[in-house]
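Have a look at the structure below, then the notes.
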Amino acid sequence: SWGYSISLIPVHGMVIDSVIESITIDPSSAIRHYVTLRNTGNVYNGFEISINPLGAQGQDLATEELRRFAHEGWNVTVHNWAAASALSPNESVTIEVAVNSPYAAEGELSAKLTIVSQQGGLIQQLTLSTAIELVHGHSVLLDGGDCTSLDRDVNCIFEVAVTNLGNFDEQPGLVECTTDADWIELDIENDSGQTSFEQIPTSPLSPAQTYLREFSVGLSEVVDAGTLAVIECTYSGNQVWDSSSAEVTMAEILEWEVISNGSEILDGRLNYWLEVQNRGNRAEGLEASISVSHDTEHGLELPENASWDENSSRIRSYSLSMVPREGIILVSGWMALPAAAVESDDIWLEITISSPSNSIAETWRTSTAVAGVGHDPEVD
């Protein structure tokens, strides 16, 4: 007979399968390193995990605890270390190293992760390094609210906002607002009549903090309705440039003015005239009509390009489709004086002028008296 015996020789081994290292971090932020450890031996084994900071020359610095430390504002903690205390052959575990940075513009931390097997005397050491990365960034936003057009008597309030998009307190750079239109003006801190202004915020902005500045936009002159103006605000500083713009238009202004008027009696007729001028900022139509106190011959003098009822024997009314901006129209009417009656009689003539928008809708009257044939002036 034959007898056989087989004995298992224990083999101890470990290997680092992967290291996922975060080499940069924001100020006052948190990241994690991931280290995957595998038991390459043929028997169960456990692994002790510890971590400590390294000095500027790479020397070990002492810590009070094995798996966490605080150093110069940095805080480091090892997570999932207990899962490495008992690994089957070929079993792996991922150790997590959490790092919290101080709120500083710069800084770097190097930490040494040490892995020691409970059996076999195996040791692995890794250096994990993380540096604070400063991010510069600012945005500018111009907001005119509901203001899309400018009127003669109303200014619009605009707001320019500069926001720190970086990851640390930072003094903002220059904000400049300008317009390409010479018919509007920017007013900031009661300094009006400008087409541009510059501002430098006086205090640093924290991350996500916004600096707000209001200014008003008004007219320096009235231009044609619908004229477009662009206001642009730009930011420049710390190697960052950004811009934001808004558009406004000239509002429609409809207005007429009587610049002269007069009346006279000539050749047996009562005459009355008015000069009206379109003082708005766009062309507009105009209508005129005449009314008289007595049914005598009367009418309006017809201006060029006017429309009237050609079936009528008298021009009692007419219309003009468009009178250009600053255009002047002479509206003139007349009536024949009636024959004298026994008693004195009051005579009047009215001219009514209106526009489709009702920017003008008024009636003007002139009057006179015709003495009666039975009138004795000396009785008066």
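For the structure tokens, the naming scheme is as follows: chains receive sequential letters (A, B, ...) according to their order of presentation, residues are indexed from 1 within each chain, and ligands are indexed from 1 in presentation order.
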
When you look at stretch 298-314 of chain A with a cut-off of 10 Å (counting only C-alpha atoms), what residues show up, excluding the ones that are within fewer than 3 positions of it in the same chain? I need them as a VMD selection string.
chain A and resid 269 to 273 286 to 292 294 to 295 317 to 322 329 to 337 349 351

Near A:Ile16, within 9 Å and counting only C-alpha atoms, which residues show up once chain neighbours fewer than 5 positions away are dropped, as a list of chain:residue names?
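Close residues of A:Ile16: A:Val35, A:Thr36, A:Leu37, A:Arg38, A:Gln124.
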
Quote the spacing between atom CA of A:Ile25 and atom CA of A:Glu133 in Å to one decimal place.
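Calculated distance between atom CA of A:Ile25 and atom CA of A:Glu133 is 5.8 Å.
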
Which stretch 102-151 of chain A residues have any atom within 12 Å of an atom of stretch 61-72 of chain A, and for each, what is the nearest pair of atoms with distance in Å to one decimal, counting only C-alpha atoms, rows sorted by chain and number, as a Markdown table?
| residue | atom | partner | partner_atom | distance |
| --- | --- | --- | --- | --- |
| A:Pro102 | CA | A:Glu72 | CA | 8.0 |
| A:Tyr103 | CA | A:Glu72 | CA | 11.0 |
| A:Ala104 | CA | A:Glu72 | CA | 10.8 |
| A:Gly107 | CA | A:Glu72 | CA | 9.3 |
| A:Glu108 | CA | A:Glu72 | CA | 9.9 |
| A:Leu109 | CA | A:His71 | CA | 8.6 |
| A:Ser110 | CA | A:His71 | CA | 10.4 |
| A:Ala111 | CA | A:Leu61 | CA | 9.4 |
| A:Lys112 | CA | A:Leu61 | CA | 9.7 |
| A:Leu113 | CA | A:Arg67 | CA | 9.1 |
| A:Thr114 | CA | A:Leu66 | CA | 9.8 |
| A:Ile115 | CA | A:Arg67 | CA | 11.3 |

Among stretch 126-342 of chain A, which ones does DSSP place in strand (DSSP E or B), written as a ChimeraX atom specification?
/A:126-132,138-143,149-150,156-164,170,174-179,184-188,191-194,196-199,205,210-219,228-237,240-250,256-266,269-278,284-292,298-300,307,317-323,328-336

Minimum-distance residue to A:Asp60, chosen among A:Asp143, A:Thr127, A:Val160, A:Gly226 (using only C-alpha atoms)
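When distances to A:Asp60 are compared using only C-alpha atoms, the smallest one comes from A:Thr127.
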
Within 12 Å of A:Ser196, counting only C-alpha atoms, which residues qualify if same-chain residues fewer than 5 places away don't, as a ChimeraX atom specification?
/A:175-182,184-188,191,215-217,230-234

Print the selection's residues with N, CA and C atoms to a file, as an mmCIF file, in the first residue's frame.
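What follows is the written file part38.cif:
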data_model
loop_
_atom_site.group_PDB
_atom_site.id
_atom_site.type_symbol
_atom_site.label_atom_id
_atom_site.label_comp_id
_atom_site.auth_asym_id
_atom_site.auth_seq_id
_atom_site.Cartn_x
_atom_site.Cartn_y
_atom_site.Cartn_z
ATOM 1 N N VAL A 175 -15.372 98.006 -14.187
ATOM 2 C CA VAL A 175 -16.656 97.914 -14.878
ATOM 3 C C VAL A 175 -16.854 99.210 -15.664
ATOM 4 N N GLU A 176 -17.082 99.087 -16.966
ATOM 5 C CA GLU A 176 -17.291 100.255 -17.813
ATOM 6 C C GLU A 176 -18.571 100.079 -18.613
ATOM 7 N N CYS A 177 -19.438 101.075 -18.561
ATOM 8 C CA CYS A 177 -20.691 101.056 -19.316
ATOM 9 C C CYS A 177 -20.673 102.209 -20.320
ATOM 10 N N THR A 178 -21.035 101.910 -21.558
ATOM 11 C CA THR A 178 -21.027 102.906 -22.624
ATOM 12 C C THR A 178 -22.259 102.717 -23.496
ATOM 13 N N THR A 179 -22.551 103.729 -24.300
ATOM 14 C CA THR A 179 -23.616 103.636 -25.298
ATOM 15 C C THR A 179 -23.110 104.160 -26.625
ATOM 16 N N ASP A 180 -23.664 103.610 -27.696
ATOM 17 C CA ASP A 180 -23.270 104.045 -29.033
ATOM 18 C C ASP A 180 -24.149 105.177 -29.539
ATOM 19 N N ALA A 181 -25.098 105.614 -28.732
ATOM 20 C CA ALA A 181 -26.064 106.625 -29.170
ATOM 21 C C ALA A 181 -25.784 107.953 -28.482
ATOM 22 N N ASP A 182 -25.733 109.025 -29.271
ATOM 23 C CA ASP A 182 -25.496 110.338 -28.678
ATOM 24 C C ASP A 182 -26.783 111.017 -28.233
ATOM 25 N N ILE A 184 -28.911 109.600 -25.999
ATOM 26 C CA ILE A 184 -29.232 109.210 -24.632
ATOM 27 C C ILE A 184 -28.044 109.532 -23.735
ATOM 28 N N GLU A 185 -28.315 109.614 -22.438
ATOM 29 C CA GLU A 185 -27.252 109.897 -21.489
ATOM 30 C C GLU A 185 -27.383 108.983 -20.279
ATOM 31 N N LEU A 186 -26.233 108.648 -19.706
ATOM 32 C CA LEU A 186 -26.168 107.787 -18.540
ATOM 33 C C LEU A 186 -25.929 108.657 -17.308
ATOM 34 N N ASP A 187 -26.669 108.387 -16.270
ATOM 35 C CA ASP A 187 -26.602 109.212 -15.064
ATOM 36 C C ASP A 187 -26.316 108.308 -13.875
ATOM 37 N N ILE A 188 -25.132 108.488 -13.270
ATOM 38 C CA ILE A 188 -24.771 107.729 -12.076
ATOM 39 C C ILE A 188 -24.298 108.720 -11.017
ATOM 40 N N ASP A 191 -24.355 112.430 -11.745
ATOM 41 C CA ASP A 191 -23.405 112.937 -12.740
ATOM 42 C C ASP A 191 -23.981 112.606 -14.105
ATOM 43 N N PHE A 215 -27.908 102.792 -12.355
ATOM 44 C CA PHE A 215 -27.744 104.068 -13.033
ATOM 45 C C PHE A 215 -28.993 104.310 -13.871
ATOM 46 N N SER A 216 -29.252 105.560 -14.168
ATOM 47 C CA SER A 216 -30.440 105.885 -14.950
ATOM 48 C C SER A 216 -30.037 106.226 -16.384
ATOM 49 N N VAL A 217 -30.972 105.990 -17.273
ATOM 50 C CA VAL A 217 -30.781 106.278 -18.698
ATOM 51 C C VAL A 217 -31.906 107.213 -19.126
ATOM 52 N N VAL A 230 -27.870 100.984 -28.107
ATOM 53 C CA VAL A 230 -27.300 99.837 -27.393
ATOM 54 C C VAL A 230 -26.456 100.347 -26.234
ATOM 55 N N ILE A 231 -26.706 99.808 -25.048
ATOM 56 C CA ILE A 231 -25.892 100.094 -23.864
ATOM 57 C C ILE A 231 -25.110 98.829 -23.539
ATOM 58 N N GLU A 232 -23.808 98.946 -23.404
ATOM 59 C CA GLU A 232 -22.956 97.781 -23.132
ATOM 60 C C GLU A 232 -22.107 98.030 -21.904
ATOM 61 N N CYS A 233 -22.066 97.042 -21.027
ATOM 62 C CA CYS A 233 -21.198 97.088 -19.854
ATOM 63 C C CYS A 233 -20.158 95.972 -19.974
ATOM 64 N N THR A 234 -18.905 96.307 -19.730
ATOM 65 C CA THR A 234 -17.825 95.331 -19.814
ATOM 66 C C THR A 234 -17.115 95.244 -18.478
#
